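Q: Just one file: input-v3.txt, with compact mmCIF, C-alpha atoms.
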# COMPACT_ATOMS: atom_id res chain seq x y z
CA MET A 1 265.32 121.30 161.43
CA LYS A 2 261.82 122.56 161.93
CA LYS A 3 260.84 123.06 165.51
CA LEU A 4 257.91 120.99 166.61
CA LEU A 5 256.16 121.77 169.86
CA PHE A 6 253.90 119.17 171.37
CA LEU A 7 251.33 119.75 174.02
CA LEU A 8 249.71 116.53 174.99
CA PHE A 9 246.23 116.41 176.41
CA LEU A 10 244.90 112.91 176.70
CA ALA A 11 241.21 112.63 177.48
CA PHE A 12 239.97 109.21 178.38
CA PHE A 13 236.22 108.83 178.04
CA ALA A 14 235.54 106.30 180.78
CA THR A 15 232.69 108.35 182.24
CA ALA A 16 232.08 111.13 179.68
CA ALA A 17 228.40 110.61 180.38
CA ALA A 18 226.77 108.22 182.80
CA PHE A 19 226.89 104.72 181.31
CA ALA A 20 227.86 106.11 177.87
CA GLN A 21 229.24 103.95 175.09
CA VAL A 22 233.04 103.49 175.55
CA PRO A 23 234.85 105.23 172.64
CA LYS A 24 237.53 103.33 170.73
CA CYS A 25 239.90 106.31 170.71
CA PHE A 26 241.29 109.19 172.79
CA ASN A 27 242.09 112.79 171.94
CA TYR A 28 245.49 114.26 171.25
CA HIS A 29 246.11 118.01 171.00
CA GLY A 30 249.37 119.48 169.74
CA VAL A 31 251.03 122.59 168.32
CA VAL A 32 253.54 122.76 165.45
CA ALA A 33 255.42 125.57 163.80
CA GLU A 34 253.46 125.25 160.55
CA LYS A 35 250.43 127.55 160.81
CA ASN A 36 247.33 127.21 158.66
CA SER A 37 248.93 124.22 156.99
CA GLN A 38 248.24 120.57 156.27
CA VAL A 39 250.66 118.35 158.20
CA LYS A 40 251.19 114.58 158.12
CA VAL A 41 251.51 113.06 161.59
CA SER A 42 252.58 109.47 162.37
CA VAL A 43 251.42 108.07 165.72
CA SER A 44 252.80 104.94 167.43
CA ILE A 45 251.96 103.32 170.76
CA ILE A 46 255.24 101.84 171.98
CA ASN A 47 256.44 99.53 174.79
CA ILE A 48 258.83 101.42 177.10
CA ALA A 49 259.07 98.76 179.81
CA THR A 50 262.85 98.36 179.32
CA ASP A 51 263.45 102.07 179.03
CA PRO A 52 261.11 104.00 181.34
CA ASN A 53 263.35 107.09 181.21
CA LEU A 54 263.18 107.14 177.40
CA THR A 55 266.99 107.13 176.94
CA GLN A 56 266.82 104.72 174.02
CA SER A 57 266.00 105.83 170.48
CA ASP A 58 264.23 102.66 169.41
CA HIS A 59 261.29 100.97 171.22
CA PRO A 60 259.06 98.05 170.19
CA THR A 61 255.95 99.29 168.38
CA VAL A 62 252.62 97.95 169.72
CA TYR A 63 250.32 99.88 167.35
CA SER A 64 250.82 102.52 164.60
CA GLU A 65 248.68 104.78 162.45
CA SER A 66 248.99 107.99 160.40
CA HIS A 67 246.93 111.22 160.18
CA VAL A 68 246.81 114.26 157.93
CA VAL A 69 245.71 117.29 160.00
CA ASN A 70 245.03 120.96 159.35
CA THR A 71 246.62 123.46 161.76
CA ASN A 72 245.01 126.75 162.76
CA ALA A 73 246.55 130.23 162.89
CA ASN A 74 248.51 129.23 166.03
CA GLY A 75 249.75 125.95 164.58
CA ALA A 76 247.43 123.95 166.88
CA PHE A 77 245.74 120.78 165.80
CA THR A 78 243.64 117.95 167.24
CA LEU A 79 243.45 114.30 166.33
CA LYS A 80 241.91 111.15 167.78
CA ILE A 81 244.38 108.36 168.38
CA GLY A 82 242.73 105.16 167.26
CA THR A 83 240.91 106.67 164.24
CA GLY A 84 243.83 107.18 161.86
CA SER A 85 244.89 105.05 158.93
CA ARG A 86 246.41 101.90 160.48
CA THR A 87 250.00 101.30 159.25
CA GLY A 88 250.78 98.16 161.25
CA SER A 89 249.23 94.72 161.58
CA VAL A 90 247.65 95.28 165.04
CA ASN A 91 244.20 96.84 165.45
CA PHE A 92 243.74 99.63 167.99
CA GLU A 93 241.10 97.57 169.80
CA ASP A 94 243.67 94.82 170.41
CA VAL A 95 246.13 97.04 172.36
CA ASP A 96 246.33 95.75 175.96
CA PHE A 97 246.52 98.89 178.07
CA CYS A 98 246.40 96.78 181.25
CA LYS A 99 250.05 95.81 180.88
CA GLY A 100 251.18 99.39 181.47
CA SER A 101 254.66 100.68 180.44
CA LEU A 102 253.21 102.10 177.25
CA GLY A 103 254.08 105.38 175.60
CA VAL A 104 253.32 107.45 172.54
CA LYS A 105 255.68 108.35 169.73
CA ILE A 106 254.72 111.27 167.48
CA VAL A 107 256.57 111.85 164.20
CA ALA A 108 256.07 115.04 162.22
CA GLY A 109 258.49 115.56 159.35
CA SER A 110 262.03 114.77 160.59
CA HIS A 111 261.21 115.40 164.24
CA THR A 112 260.24 112.67 166.68
CA SER A 113 258.86 113.06 170.21
CA VAL A 114 258.35 110.22 172.69
CA PHE A 115 256.53 110.42 176.03
CA PRO A 116 254.93 107.90 178.38
CA PHE A 117 251.25 107.64 179.25
CA VAL A 118 250.82 109.38 182.59
CA SER A 119 247.68 107.36 183.29
CA VAL A 120 245.93 104.31 181.85
CA PRO A 121 242.86 105.06 179.62
CA TYR A 122 240.61 103.52 182.24
CA ALA A 123 237.50 103.60 180.13
CA MET A 124 239.23 101.33 177.64
CA VAL A 125 240.70 99.13 180.35
CA ALA A 126 237.30 98.84 182.00
CA GLN A 127 236.09 96.86 179.01
CA SER A 128 238.37 94.00 180.02
CA ILE A 129 236.87 93.76 183.54
CA PRO A 130 234.72 90.62 183.80
CA GLY A 131 231.02 91.43 183.49
CA PHE A 132 231.56 95.09 182.47
CA VAL A 133 230.22 94.74 178.93
CA GLU A 134 227.21 92.77 180.17
CA ALA A 135 226.51 95.34 182.89
CA GLN A 136 226.79 98.15 180.39
CA GLN A 137 224.33 96.34 178.04
CA GLU A 138 221.95 95.74 180.97
CA ILE A 139 222.10 99.44 181.86
CA GLN A 140 221.35 100.30 178.22
CA ASN A 141 218.40 97.88 178.31
CA LEU A 142 217.11 99.54 181.48
CA LYS A 143 217.39 102.94 179.84
CA THR A 144 215.40 101.62 176.86
CA LEU A 145 212.75 100.20 179.19
CA LEU A 146 212.57 103.51 181.04
CA SER A 147 212.11 105.35 177.75
CA ASP A 148 209.40 102.90 176.70
CA TYR A 149 207.70 103.30 180.08
CA LYS A 150 207.66 107.08 179.72
CA SER A 151 206.26 106.71 176.19
CA LEU A 152 203.53 104.38 177.46
CA LEU A 153 202.66 106.83 180.25
CA SER A 154 202.32 109.57 177.66
CA LYS A 155 200.07 107.37 175.50
CA VAL A 156 197.94 106.47 178.53
CA GLU A 157 197.51 110.14 179.33
CA ASN A 158 196.51 110.82 175.71
CA LEU A 159 194.04 107.91 175.77
CA GLU A 160 192.53 109.21 179.01
CA ASN A 161 192.14 112.64 177.42
CA ASP A 162 190.62 111.06 174.30
CA ASN A 163 188.29 109.00 176.47
CA SER A 164 187.14 112.12 178.28
CA THR A 165 186.56 113.85 174.93
CA LEU A 166 184.65 110.84 173.58
CA LYS A 167 182.45 110.74 176.69
CA SER A 168 181.64 114.39 176.17
CA LYS A 169 180.83 113.80 172.50
CA LEU A 170 178.74 110.73 173.39
CA SER A 171 176.74 112.79 175.85
CA THR A 172 176.17 115.42 173.15
CA LEU A 173 175.16 112.73 170.62
CA GLU A 174 172.70 111.22 173.09
CA LYS A 175 171.09 114.62 173.54
CA ASP A 176 171.03 115.11 169.75
CA ASN A 177 169.51 111.63 169.34
CA ILE A 178 166.71 112.46 171.74
CA SER A 179 166.09 115.67 169.82
CA LEU A 180 166.11 113.79 166.48
CA LEU A 181 163.70 111.16 167.79
CA SER A 182 161.33 113.94 168.76
CA LYS A 183 161.63 115.50 165.29
CA VAL A 184 161.14 112.09 163.63
CA SER A 185 157.94 111.62 165.59
CA ILE A 186 156.70 115.00 164.39
CA LEU A 187 157.72 114.19 160.80
CA GLU A 188 155.93 110.85 160.93
CA LYS A 189 152.74 112.61 161.96
CA ASP A 190 153.25 115.16 159.17
CA ASN A 191 153.94 112.33 156.70
CA ALA A 192 150.67 110.61 157.63
CA ASP A 193 148.84 113.88 156.99
CA LEU A 194 150.65 114.32 153.67
CA LYS A 195 149.69 110.82 152.57
CA LYS A 196 146.07 111.64 153.21
CA SER A 197 146.45 114.86 151.23
CA ALA A 198 148.32 113.02 148.44
CA SER A 199 145.49 110.51 148.17
CA LYS A 200 143.02 113.35 147.76
CA ILE A 201 145.28 114.99 145.15
CA GLU A 202 145.57 111.72 143.19
CA ASN A 203 141.79 111.45 143.11
CA LEU A 204 141.53 115.03 141.89
CA GLU A 205 144.25 114.45 139.26
CA GLY A 206 142.37 111.38 138.06
CA ASN A 207 139.21 113.42 137.69
CA VAL A 208 141.13 116.17 135.86
CA GLU A 209 142.77 113.64 133.53
CA ALA A 210 139.40 112.13 132.73
CA LEU A 211 138.00 115.57 131.99
CA ASN A 212 141.04 116.41 129.82
CA GLY A 213 140.47 113.19 127.90
CA ARG A 214 136.87 114.17 127.25
CA VAL A 215 137.91 117.67 126.20
CA THR A 216 140.57 116.26 123.85
CA THR A 217 138.05 113.87 122.35
CA VAL A 218 135.63 116.70 121.77
CA GLU A 219 138.36 118.93 120.29
CA ASP A 220 139.53 116.13 117.99
CA ALA A 221 135.96 115.54 116.88
CA ILE A 222 135.44 119.26 116.21
CA SER A 223 138.74 119.46 114.30
CA SER A 224 137.87 116.40 112.23
CA LEU A 225 134.44 117.80 111.41
CA GLY A 226 136.01 121.14 110.53
CA ASN A 227 138.41 119.46 108.09
CA ARG A 228 135.53 117.56 106.53
CA VAL A 229 133.40 120.70 106.19
CA SER A 230 136.30 122.56 104.58
CA ALA A 231 136.82 119.75 102.10
CA LEU A 232 133.09 119.62 101.25
CA GLU A 233 132.95 123.40 100.83
CA ALA A 234 135.88 123.20 98.43
CA GLY A 235 133.92 120.67 96.42
CA GLY A 236 136.21 117.77 97.27
CA ASP A 237 135.69 114.44 98.93
CA ASP A 238 137.28 114.03 102.34
CA GLY A 239 136.97 110.26 102.19
CA PRO A 240 135.14 108.09 104.68
CA ILE A 241 134.23 109.59 108.02
CA GLY A 242 137.19 109.32 110.40
CA THR A 243 139.78 109.35 107.61
CA ASN A 244 141.72 112.22 109.18
CA GLY A 245 141.79 113.56 112.72
CA TYR A 246 143.82 114.85 115.62
CA ILE A 247 145.12 113.31 118.83
CA ASN A 248 146.57 115.64 121.41
CA GLY A 249 146.81 118.36 118.75
CA HIS A 250 148.72 116.28 116.19
CA GLU A 251 147.12 115.17 112.90
CA TYR A 252 146.86 111.60 111.68
CA VAL A 253 145.77 109.93 108.40
CA ASN A 254 143.77 106.73 108.08
CA LEU A 255 145.44 104.61 105.39
CA GLY A 256 143.13 101.67 105.93
CA LEU A 257 145.73 99.85 108.04
CA SER A 258 145.75 98.51 111.61
CA VAL A 259 146.97 101.89 112.94
CA LYS A 260 146.72 105.52 111.85
CA TRP A 261 149.89 107.32 110.76
CA ALA A 262 150.97 110.86 111.68
CA THR A 263 151.16 113.38 108.86
CA CYS A 264 154.55 114.72 110.05
CA ASN A 265 157.70 113.32 111.61
CA VAL A 266 158.13 113.80 115.35
CA GLY A 267 159.46 117.32 115.87
CA ALA A 268 158.31 118.54 112.41
CA SER A 269 155.53 121.03 111.66
CA LYS A 270 155.14 120.13 107.94
CA PRO A 271 155.07 116.74 106.15
CA GLU A 272 158.26 117.52 104.21
CA ASP A 273 160.28 118.54 107.33
CA SER A 274 162.76 116.00 108.75
CA GLY A 275 161.93 116.77 112.37
CA TYR A 276 164.08 115.52 115.24
CA TYR A 277 166.75 112.80 115.02
CA PHE A 278 166.83 110.32 117.89
CA ALA A 279 169.16 107.57 119.04
CA TRP A 280 167.00 104.46 119.55
CA GLY A 281 165.40 104.49 123.01
CA GLU A 282 166.24 108.16 123.63
CA THR A 283 163.59 110.90 123.74
CA SER A 284 165.44 114.09 122.85
CA PRO A 285 167.75 115.19 120.02
CA LYS A 286 171.43 115.97 120.59
CA THR A 287 174.56 117.08 118.68
CA ILE A 288 176.73 113.93 118.84
CA TYR A 289 175.39 110.48 117.94
CA ASP A 290 177.81 107.69 118.87
CA TRP A 291 178.30 105.04 121.57
CA SER A 292 180.07 107.46 123.90
CA THR A 293 176.88 109.56 124.18
CA TYR A 294 174.32 106.76 123.94
CA ARG A 295 172.05 106.53 126.97
CA TRP A 296 171.72 102.76 127.23
CA CYS A 297 175.36 101.61 127.26
CA ASN A 298 178.59 102.08 129.16
CA GLY A 299 180.61 103.73 126.41
CA ASN A 300 180.57 101.03 123.72
CA TYR A 301 178.26 98.60 121.93
CA ASN A 302 179.52 95.62 123.96
CA ASN A 303 178.06 97.07 127.17
CA ILE A 304 174.36 97.59 126.45
CA THR A 305 172.53 98.30 129.74
CA LYS A 306 168.86 98.12 128.67
CA TYR A 307 166.90 96.21 125.98
CA PHE A 308 169.76 93.74 125.53
CA THR A 309 167.72 90.49 125.74
CA PRO A 310 166.17 89.19 122.51
CA THR A 311 162.46 90.11 122.67
CA THR A 312 159.51 91.05 120.52
CA ALA A 313 158.31 93.58 123.10
CA PRO A 314 158.44 97.24 121.98
CA LEU A 315 160.02 100.17 123.83
CA GLU A 316 158.64 101.22 127.17
CA PHE A 317 156.59 104.41 126.77
CA SER A 318 159.08 106.34 128.97
CA ASP A 319 161.76 105.61 126.30
CA ASP A 320 159.42 106.12 123.31
CA ALA A 321 160.20 109.48 121.64
CA ALA A 322 156.74 109.72 120.04
CA ARG A 323 154.89 109.11 123.32
CA VAL A 324 157.11 111.48 125.31
CA ILE A 325 157.00 114.37 122.80
CA LEU A 326 153.54 114.06 121.19
CA GLY A 327 151.73 112.67 124.24
CA GLY A 328 148.25 111.17 124.09
CA SER A 329 148.17 107.70 122.55
CA TRP A 330 150.96 108.41 120.05
CA ARG A 331 153.86 105.96 119.94
CA MET A 332 156.64 104.66 117.70
CA PRO A 333 155.51 101.98 115.19
CA THR A 334 156.41 98.34 115.68
CA LYS A 335 158.33 96.45 113.00
CA ALA A 336 155.09 94.64 112.03
CA GLU A 337 153.32 97.99 111.53
CA GLN A 338 156.17 99.28 109.36
CA ASP A 339 156.06 96.02 107.35
CA GLU A 340 152.30 96.53 106.91
CA LEU A 341 152.86 100.10 105.65
CA ARG A 342 155.55 98.84 103.25
CA GLU A 343 153.60 95.85 101.92
CA LYS A 344 150.00 97.12 101.78
CA CYS A 345 150.54 100.65 100.42
CA THR A 346 151.71 102.06 97.13
CA TRP A 347 155.08 103.86 97.29
CA THR A 348 155.87 106.61 94.78
CA TRP A 349 159.21 108.46 94.74
CA THR A 350 158.45 112.16 94.40
CA SER A 351 159.15 115.55 95.95
CA LEU A 352 157.08 117.87 98.13
CA ASN A 353 157.99 121.56 98.18
CA GLY A 354 161.44 120.69 96.85
CA VAL A 355 162.07 117.84 99.31
CA ASN A 356 162.64 114.30 97.98
CA GLY A 357 160.78 111.40 99.52
CA TYR A 358 157.99 108.88 99.09
CA LYS A 359 154.26 109.43 98.78
CA VAL A 360 152.69 106.43 100.53
CA THR A 361 149.11 105.74 99.45
CA GLY A 362 146.76 103.38 101.25
CA SER A 363 144.12 101.16 99.65
CA ASN A 364 141.47 103.77 100.57
CA GLY A 365 143.25 106.47 98.56
CA ASN A 366 144.56 108.44 101.54
CA SER A 367 148.29 109.15 101.64
CA ILE A 368 151.19 110.48 103.69
CA PHE A 369 154.58 111.86 102.63
CA LEU A 370 157.85 110.49 104.11
CA PRO A 371 160.84 112.79 103.43
CA ALA A 372 164.25 111.27 102.64
CA ALA A 373 165.74 112.62 105.89
CA GLY A 374 168.93 110.50 105.93
CA TYR A 375 170.51 109.84 109.34
CA ARG A 376 173.01 111.30 111.80
CA ASN A 377 176.31 109.67 112.81
CA ASN A 378 178.66 111.43 115.22
CA ASP A 379 178.15 115.11 114.36
CA SER A 380 177.44 114.65 110.63
CA LEU A 381 174.15 114.43 108.71
CA ASN A 382 174.20 111.89 105.86
CA GLY A 383 171.99 110.99 102.91
CA VAL A 384 169.40 113.82 103.08
CA GLY A 385 167.34 113.77 99.88
CA THR A 386 168.76 110.38 98.89
CA TYR A 387 167.40 107.85 101.36
CA GLY A 388 165.33 107.61 104.49
CA ASN A 389 165.80 105.73 107.79
CA TYR A 390 162.87 105.57 110.21
CA TRP A 391 163.07 103.87 113.64
CA SER A 392 160.69 101.14 114.77
CA SER A 393 160.16 100.37 118.47
CA LEU A 394 161.82 96.95 118.30
CA THR A 395 165.42 95.79 118.78
CA PHE A 396 166.99 92.98 116.76
CA GLU A 397 165.22 90.04 118.42
CA ILE A 398 167.24 87.07 117.10
CA PHE A 399 170.46 87.01 119.17
CA THR A 400 171.65 88.86 122.26
CA TYR A 401 174.89 89.42 120.33
CA TYR A 402 173.00 91.87 118.09
CA SER A 403 171.31 93.81 120.91
CA ASP A 404 173.17 96.94 119.77
CA ILE A 405 170.96 97.00 116.62
CA ALA A 406 167.31 98.07 116.23
CA TYR A 407 164.85 97.59 113.34
CA GLY A 408 163.67 100.37 111.08
CA LEU A 409 162.21 101.25 107.70
CA TYR A 410 164.73 102.00 104.95
CA PHE A 411 164.15 103.45 101.49
CA GLN A 412 165.91 105.05 98.55
CA PRO A 413 164.69 106.04 95.06
CA ASP A 414 164.84 102.45 93.71
CA GLY A 415 163.03 100.69 96.54
CA VAL A 416 161.75 100.26 100.08
CA SER A 417 162.78 97.58 102.59
CA ASP A 418 162.98 96.79 106.25
CA GLY A 419 166.36 97.67 107.71
CA SER A 420 168.39 97.86 110.89
CA SER A 421 170.88 100.37 112.30
CA ASP A 422 173.18 100.82 115.26
CA ARG A 423 171.08 102.08 118.14
CA CYS A 424 173.43 105.04 118.71
CA TYR A 425 172.68 106.50 115.21
CA GLY A 426 170.28 109.42 114.89
CA LEU A 427 167.18 108.43 112.85
CA VAL A 428 163.79 110.13 112.43
CA VAL A 429 160.46 108.84 113.77
CA ARG A 430 156.99 108.76 112.15
CA ALA A 431 154.48 108.11 114.93
CA VAL A 432 151.32 105.99 114.90
CA CYS A 433 148.18 105.90 117.02
CA PRO A 434 145.32 103.38 117.50
Show me the file's structure as structure tokens.

A:
Amino acid sequence: MKKLLFLLFLAFFATAAAFAQVPKCFNYHGVVAEKNSQVKVSVSIINIATDPNLTQSDHPTVYSESHVVNTNANGAFTLKIGTGSRTGSVNFEDVDFCKGSLGVKIVAGSHTSVFPFVSVPYAMVAQSIPGFVEAQQEIQNLKTLLSDYKSLLSKVENLENDNSTLKSKLSTLEKDNISLLSKVSILEKDNADLKKSASKIENLEGNVEALNGRVTTVEDAISSLGNRVSALEAGGDDGPIGTNGYINGHEYVNLGLSVKWATCNVGASKPEDSGYYFAWGETSPKTIYDWSTYRWCNGNYNNITKYFTPTTAPLEFSDDAARVILGGSWRMPTKAEQDELREKCTWTWTSLNGVNGYKVTGSNGNSIFLPAAGYRNNDSLNGVGTYGNYWSSLTFEIFTYYSDIAYGLYFQPDGVSDGSSDRCYGLVVRAVCP
């Protein structure tokens, strides 16, 4: 038979800490012969009222449970009675320790040891005293209130510190405000002086602009006379006076229509050059022509942001590529002016210096050349030498639904017509002037 040594140390946690929660167990420490081993231990709380000297071998069982413990190098182990696997029908919490005459039976292997409780686990008995549980809960509530009070005190202190800091900042801001008010007063005086100076500058700019206009008029007149003299010296006829001329350094031709037409596309230096390609309402060329890069929409043709109401009004000059780039009185033609060019002039498909296009001749015999410059879509150039697309200054004026479309002049070798294109496409511009 294996020897089994038991050393019993029962610790009852009635006052383990002031007003602590009463544990539903108590400790048991023992020593067995098996060292560094796993041992199964059966624990029973028994009634020894009829056998206080423990002379009998069998006692009524009040509560029973089992444990599996690990011993150390000395064979010692610790377990908590009340936390094992219950093997009977009674719960540990239901054991009435107030009745006394209770003992403990420990079974390890084939050895059994029985001993009485030397004292009642008062902490557990105390729970049965009337009002104990309520008092314990009240004490816990008071502890919670005390903790909350301390927390509130800490918050009050923090708020007082914050208040002191805010007062300091407010004082600083008031000083800064006084300083800013002083600076604003100075700036207002300076602004009044600047307005007076600006008014003088505007007057001077107006005088300069008027002088520039006179100079330009004189230069245009000199240029026109020079062209006429050159033509007469060459033995030719330059046509009626005022047939050709210059505005802001760019040449025009009088075709006998309501407006004069430029000899070159906007951005070109020769009649046969394509010049710049513009999305409608934009004033500079770019590399990608689609709705994602178009200025007057939010990414697609359903979200036009300007010129989306049906109208017969042309582009504003700030969005007119001809006015912005050529200056002076140059502008993009209206649809009516393009229709006039198409209907009242003779169109002849030809080539100039190897570039296909149309020679457009007015009733007075003067002519211009329109190259078949094609158009740009995304990053590709299409139709060069085959057809031409020239912007007008007017959007599609019938329905708001078609506000993503603008009018233009379209031609190919077998004919000329009015046309329309998506405003995001890149088309060329032939400017007009009064």

Q: Which residues are close to Cys345 (chain A), i.e. within 8 Å by all atoms listed in the file, leaving aside same-chain residues fewer than 4 positions away? Reply as number ranges by chain.

A: A: 340-341, 360-363

Q: Which residues, written as JSON, numbers by chain, have at least one atom at most 12 Å from Cys264 (chain A), with all atoms listed in the file counted and residues fewer than 6 positions away on the same chain left out?

A: {"A": [250, 251, 252, 253, 270, 271, 272, 273, 274, 275, 276, 322, 326, 367, 368, 369, 370, 371, 428, 429, 430, 431, 432]}

Q: With distances taken over all atoms listed in the file, which of A:Ser101, A:Thr293, A:Ser37, A:Gln412 is nearest to Asn53 (chain A)?

A: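 Among the listed residues, the smallest separation from Asn53 (chain A) belongs to A:Ser101.
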
Q: Report as a list in words all protein, DNA and RNA residues lying within 8 Å of Trp291 (chain A), evaluated on all atoms listed in the file, omitting residues in the same chain fewer than 5 positions from it.

A: Cys297, Gly299, Asn300, Tyr301 and Cys424 of chain A

Q: Output, as JSON, the centre and edge lengths in Å (one decimal) of the axis-aligned box that contains all listed atoms of region 72-80 of chain A with 3 Å of margin on each side.

A:
{"center_x": 245.8, "center_y": 120.7, "center_z": 165.3, "size_x": 13.8, "size_y": 25.1, "size_z": 11.0}

Q: Just the residues within 8 Å of Lys335 (chain A), please, counting all atoms listed in the file, with nothing from its chain fewer than 5 positions along; format it as a list in words.

A: Ser392, Ser393, Leu394, Tyr407 and Gly408 of chain A

Q: Tell me which of A:Thr309, A:Ser113, A:Thr55, A:Ser417 sits closest to Ser403 (chain A), counting only C-alpha atoms.

A: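 Of the candidates, the smallest distance to Ser403 (chain A) is held by A:Thr309.
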
Q: Could you work out how far CA of Ala262 (chain A) lies from CA of Asp290 (chain A), giving the answer in Å with one decimal?

A: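 These two atoms are separated by 28.0 Å.
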
Q: Please list as a list in words every residue within 10 Å of Val384 (chain A), counting only C-alpha atoms and excluding residues in the same chain fewer than 3 positions away.

A: Ser274, Val355, Asn356, Gly357, Pro371, Ala372, Ala373, Gly374, Tyr375, Arg376, Leu381, Tyr387 and Gly388 of chain A

Q: Pick out the closest residue to Val32 (chain A) from this set: A:Thr287, A:Thr71, A:Ser66, A:Gln338. Count all atoms listed in the file.

A: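 Counting all atoms listed in the file, the residue closest to Val32 (chain A) is A:Thr71.
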
Q: Smallest atom-to-atom distance to Pro60 (chain A): which of A:Lys167, A:Lys105, A:Arg86, A:Lys35, using all atoms listed in the file?

A: A:Lys105

Q: Go ahead and compute the interatomic distance for CA of Glu65 (chain A) and CA of Cys98 (chain A), in Å to one decimal.

A: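 Between these atoms lies a distance of 20.6 Å.
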
Q: Output as a CSV table (one decimal), in the frame of the given file: region 89-102 of chain A, completed with N, CA and C atoms.

A:
chain,number,residue,atom,x,y,z
A,89,SER,N,250.1,95.9,161.7
A,89,SER,CA,249.2,94.7,161.6
A,89,SER,C,248.3,94.6,162.8
A,90,VAL,N,248.5,95.4,163.8
A,90,VAL,CA,247.6,95.3,165.0
A,90,VAL,C,246.5,96.3,165.0
A,91,ASN,N,245.3,95.9,165.4
A,91,ASN,CA,244.2,96.8,165.4
A,91,ASN,C,244.3,97.6,166.8
A,92,PHE,N,243.7,98.8,166.8
A,92,PHE,CA,243.7,99.6,168.0
A,92,PHE,C,243.0,98.9,169.1
A,93,GLU,N,241.9,98.2,168.8
A,93,GLU,CA,241.1,97.6,169.8
A,93,GLU,C,241.9,96.4,170.5
A,94,ASP,N,242.9,96.0,169.9
A,94,ASP,CA,243.7,94.8,170.4
A,94,ASP,C,244.8,95.3,171.3
A,95,VAL,N,245.0,96.6,171.5
A,95,VAL,CA,246.1,97.0,172.4
A,95,VAL,C,245.7,96.8,173.8
A,96,ASP,N,246.6,96.1,174.6
A,96,ASP,CA,246.3,95.8,176.0
A,96,ASP,C,246.9,96.8,176.9
A,97,PHE,N,246.1,97.8,177.2
A,97,PHE,CA,246.5,98.9,178.1
A,97,PHE,C,246.7,98.5,179.5
A,98,CYS,N,246.3,97.2,179.9
A,98,CYS,CA,246.4,96.8,181.2
A,98,CYS,C,247.9,96.5,181.6
A,99,LYS,N,248.7,96.2,180.6
A,99,LYS,CA,250.0,95.8,180.9
A,99,LYS,C,250.9,97.0,181.3
A,100,GLY,N,250.4,98.2,181.1
A,100,GLY,CA,251.2,99.4,181.5
A,100,GLY,C,252.5,99.5,180.7
A,101,SER,N,253.4,100.4,181.1
A,101,SER,CA,254.7,100.7,180.4
A,101,SER,C,254.5,101.0,179.0
A,102,LEU,N,253.4,101.7,178.6
A,102,LEU,CA,253.2,102.1,177.2
A,102,LEU,C,253.4,103.6,177.1
